[in-house]
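> Next up is a structure, given as structure tokens.
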Amino acid sequence: MTSSHDSAPDPGPQPFTPPSPAALDARLDSITRQPFRARFHLRGRDLATAELKGPATIRRHAYDLIAKRLAPAQPHKDGKQTPYKGHPVFVAQHATGTCCRTCLLRCHGIEKGRDLTRAEHVYVVEVICRWIEREMTGTGR
């Protein structure tokens with residue numbers, strides 16, 4: 001005899017838990033070994049912009065760019081919204097699999113079809129900024 005108390009209700013989607021710094025570095029190492037992603041590095045004007053603006057300004061730009069281009073449930077021109085150069089954040093997005101919602105799902109497990117949560121938005125910015133930091137210090141190459 002089973003009672004209705006034996007089966008627990010489905011808790012639904014689990015809240016996003018960002019990885020530890022070590023786990024983030026391990027994930028970046030894995031992603032940046034993919035042949036397509038391994039081609040991306042900060043060079044020329046993008047490198048100069050990162051050096052000139054500094055990490056705090058680049059982080060603010062990343063928050064704004066992600067809010068406009070990636071965070072909405074249905075981003076405008078999803079899959080084609082991120083240029084390949086023109087800002088260090090754009091280069092980092094391609095290098096880290098945060099350039100569109102398909103890559104975000106494939107590389108980071110963040111599902112499509114809904115707005116990014118605040119925690120996911122912060123995570124994406126952290127991934128981008130960590131990659132840029134590694135490029136600037138030479139530890140990501």
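A note on labels: chains of the structure tokens are A, B, ... as shown, every chain counts residues from 1, and ligands are counted from 1 in their shown order.
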So that I can check the surroundings of A:Cys100, please list as a PDB file with N, CA, C and O atoms, in the first residue's frame every protein, DNA and RNA residue that reaches within 8 Å of it, counting only C-alpha atoms and ignoring chain neighbours fewer than 5 positions away.


ATOM      1  N   LEU A  70      22.392  39.279 -24.461  1.00  0.00           N
ATOM      2  CA  LEU A  70      22.334  37.851 -24.126  1.00  0.00           C
ATOM      3  C   LEU A  70      21.278  37.519 -23.073  1.00  0.00           C
ATOM      4  O   LEU A  70      20.718  36.436 -23.093  1.00  0.00           O
ATOM      5  N   ASP A  78      19.646  36.354 -32.224  1.00  0.00           N
ATOM      6  CA  ASP A  78      20.396  35.364 -31.441  1.00  0.00           C
ATOM      7  C   ASP A  78      21.184  34.459 -32.377  1.00  0.00           C
ATOM      8  O   ASP A  78      20.673  33.958 -33.357  1.00  0.00           O
ATOM      9  N   GLY A  79      22.451  34.287 -32.045  1.00  0.00           N
ATOM     10  CA  GLY A  79      23.358  33.496 -32.859  1.00  0.00           C
ATOM     11  C   GLY A  79      24.201  34.359 -33.782  1.00  0.00           C
ATOM     12  O   GLY A  79      25.198  33.906 -34.315  1.00  0.00           O
ATOM     13  N   LYS A  80      23.775  35.613 -33.958  1.00  0.00           N
ATOM     14  CA  LYS A  80      24.512  36.535 -34.824  1.00  0.00           C
ATOM     15  C   LYS A  80      24.703  37.893 -34.150  1.00  0.00           C
ATOM     16  O   LYS A  80      25.125  38.842 -34.794  1.00  0.00           O
ATOM     17  N   GLN A  81      24.399  37.978 -32.849  1.00  0.00           N
ATOM     18  CA  GLN A  81      24.397  39.276 -32.190  1.00  0.00           C
ATOM     19  C   GLN A  81      25.764  39.727 -31.681  1.00  0.00           C
ATOM     20  O   GLN A  81      25.924  40.878 -31.325  1.00  0.00           O
ATOM     21  N   THR A  82      26.740  38.858 -31.663  1.00  0.00           N
ATOM     22  CA  THR A  82      28.040  39.204 -31.094  1.00  0.00           C
ATOM     23  C   THR A  82      29.103  39.329 -32.179  1.00  0.00           C
ATOM     24  O   THR A  82      29.449  38.333 -32.819  1.00  0.00           O
TER      25      THR A  82
END

> With a distance cut-off of 6 Å and only C-alpha atoms, select the neighbouring residues of A:Leu116, excluding the residue or stretch itself and same-chain residues fewer than 3 positions from it, and output the selection as a list in words.

Ala71, Glu120 and His121 of chain A

> Save out the residues we just selected, all heavy atoms, as a compact mmCIF listing (two decimals), in the first residue's frame.


# COMPACT_ATOMS: atom_id res chain seq x y z
N ALA A 71 21.01 38.43 -22.15
CA ALA A 71 20.12 38.14 -21.02
C ALA A 71 18.65 37.93 -21.38
O ALA A 71 17.98 37.15 -20.72
CB ALA A 71 20.26 39.23 -19.95
N GLU A 120 22.86 34.15 -12.96
CA GLU A 120 23.42 33.72 -14.25
C GLU A 120 24.09 34.89 -14.97
O GLU A 120 25.16 34.72 -15.55
CB GLU A 120 22.32 33.12 -15.12
CG GLU A 120 21.83 31.79 -14.61
CD GLU A 120 20.53 31.33 -15.24
OE1 GLU A 120 19.79 32.18 -15.79
OE2 GLU A 120 20.24 30.12 -15.16
N HIS A 121 23.48 36.05 -14.90
CA HIS A 121 24.07 37.26 -15.51
C HIS A 121 25.43 37.55 -14.88
O HIS A 121 26.42 37.77 -15.58
CB HIS A 121 23.11 38.43 -15.33
CG HIS A 121 23.48 39.66 -16.09
ND1 HIS A 121 22.54 40.55 -16.51
CD2 HIS A 121 24.66 40.18 -16.48
CE1 HIS A 121 23.13 41.54 -17.15
NE2 HIS A 121 24.42 41.34 -17.13

> Smallest atom-to-atom distance to A:His41: which of A:Ala62, A:Ala119, A:Ala56, A:Ala95, using only C-alpha atoms?

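Going through A:Ala62, A:Ala119, A:Ala56, A:Ala95 one by one, the smallest distance to A:His41 is for A:Ala95.
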
> Report as a PDB file with all heavy atoms, in the first residue's frame all protein, DNA and RNA residues lying within 9 Å of A:Ala38, evaluated on only C-alpha atoms, omitting residues in the same chain fewer than 4 positions from it.


ATOM      1  N   ILE A  31      36.861  24.751 -22.117  1.00  0.00           N
ATOM      2  CA  ILE A  31      36.219  25.454 -23.228  1.00  0.00           C
ATOM      3  C   ILE A  31      37.253  26.001 -24.196  1.00  0.00           C
ATOM      4  O   ILE A  31      37.106  25.880 -25.414  1.00  0.00           O
ATOM      5  CB  ILE A  31      35.309  26.584 -22.703  1.00  0.00           C
ATOM      6  CG1 ILE A  31      34.103  25.992 -21.967  1.00  0.00           C
ATOM      7  CG2 ILE A  31      34.851  27.501 -23.834  1.00  0.00           C
ATOM      8  CD1 ILE A  31      33.295  27.004 -21.182  1.00  0.00           C
ATOM      9  N   THR A  32      38.303  26.596 -23.673  1.00  0.00           N
ATOM     10  CA  THR A  32      39.284  27.241 -24.550  1.00  0.00           C
ATOM     11  C   THR A  32      40.197  26.247 -25.262  1.00  0.00           C
ATOM     12  O   THR A  32      40.989  26.651 -26.102  1.00  0.00           O
ATOM     13  CB  THR A  32      40.121  28.289 -23.783  1.00  0.00           C
ATOM     14  OG1 THR A  32      40.793  27.667 -22.687  1.00  0.00           O
ATOM     15  CG2 THR A  32      39.243  29.419 -23.274  1.00  0.00           C
ATOM     16  N   ARG A  33      40.069  24.973 -24.957  1.00  0.00           N
ATOM     17  CA  ARG A  33      40.792  23.939 -25.717  1.00  0.00           C
ATOM     18  C   ARG A  33      40.009  23.504 -26.956  1.00  0.00           C
ATOM     19  O   ARG A  33      40.551  22.831 -27.825  1.00  0.00           O
ATOM     20  CB  ARG A  33      41.079  22.725 -24.830  1.00  0.00           C
ATOM     21  CG  ARG A  33      42.318  22.890 -23.974  1.00  0.00           C
ATOM     22  CD  ARG A  33      42.763  21.569 -23.371  1.00  0.00           C
ATOM     23  NE  ARG A  33      41.755  20.953 -22.529  1.00  0.00           N
ATOM     24  CZ  ARG A  33      41.642  21.132 -21.215  1.00  0.00           C
ATOM     25  NH1 ARG A  33      42.481  21.926 -20.581  1.00  0.00           N
ATOM     26  NH2 ARG A  33      40.701  20.521 -20.534  1.00  0.00           N
ATOM     27  N   GLN A  34      38.740  23.865 -27.040  1.00  0.00           N
ATOM     28  CA  GLN A  34      37.958  23.535 -28.225  1.00  0.00           C
ATOM     29  C   GLN A  34      38.571  24.274 -29.420  1.00  0.00           C
ATOM     30  O   GLN A  34      38.892  25.460 -29.299  1.00  0.00           O
ATOM     31  CB  GLN A  34      36.498  23.946 -28.035  1.00  0.00           C
ATOM     32  CG  GLN A  34      35.790  23.220 -26.928  1.00  0.00           C
ATOM     33  CD  GLN A  34      34.414  23.817 -26.639  1.00  0.00           C
ATOM     34  OE1 GLN A  34      33.929  24.696 -27.336  1.00  0.00           O
ATOM     35  NE2 GLN A  34      33.793  23.331 -25.565  1.00  0.00           N
ATOM     36  N   ALA A  95      35.338  33.304 -27.162  1.00  0.00           N
ATOM     37  CA  ALA A  95      36.328  32.403 -26.573  1.00  0.00           C
ATOM     38  C   ALA A  95      35.745  31.556 -25.455  1.00  0.00           C
ATOM     39  O   ALA A  95      36.219  30.456 -25.201  1.00  0.00           O
ATOM     40  CB  ALA A  95      37.510  33.212 -26.045  1.00  0.00           C
ATOM     41  N   ARG A 141      46.909  31.504 -22.251  1.00  0.00           N
ATOM     42  CA  ARG A 141      47.404  31.089 -23.575  1.00  0.00           C
ATOM     43  C   ARG A 141      48.096  29.758 -23.527  1.00  0.00           C
ATOM     44  O   ARG A 141      48.681  29.333 -22.654  1.00  0.00           O
ATOM     45  CB  ARG A 141      48.337  32.149 -24.133  1.00  0.00           C
ATOM     46  CG  ARG A 141      47.549  33.418 -24.396  1.00  0.00           C
ATOM     47  CD  ARG A 141      48.449  34.492 -24.945  1.00  0.00           C
ATOM     48  NE  ARG A 141      47.644  35.662 -25.118  1.00  0.00           N
ATOM     49  CZ  ARG A 141      47.633  36.416 -26.190  1.00  0.00           C
ATOM     50  NH1 ARG A 141      48.405  36.141 -27.189  1.00  0.00           N
ATOM     51  NH2 ARG A 141      46.881  37.459 -26.296  1.00  0.00           N
TER      52      ARG A 141
END

> Using DSSP on the backbone coordinates, identify all residues within chain A classified as alpha helix (DSSP H); present the result as JSON, numbers by chain.

{"A": [21, 22, 23, 24, 25, 26, 27, 28, 29, 30, 31, 35, 36, 37, 38, 44, 45, 46, 47, 48, 49, 50, 51, 52, 53, 54, 55, 56, 57, 58, 59, 60, 61, 62, 63, 64, 65, 66, 67, 68, 69, 88, 89, 90, 91, 92, 93, 94, 95, 96, 101, 102, 103, 104, 105, 106, 107, 108, 118, 119, 120, 121, 122, 123, 124, 125, 126, 127, 128, 129, 130, 131, 132, 133, 134, 135, 136, 137]}

> Got a sec: who's within 12 Å of stretch 18-30 of chain A, counting only C-alpha atoms, leaving out chain neighbours fewer than 3 positions off, as a ChimeraX atom specification?

/A:15,33-35,37-38,92-98,107-110,117-135,139-141
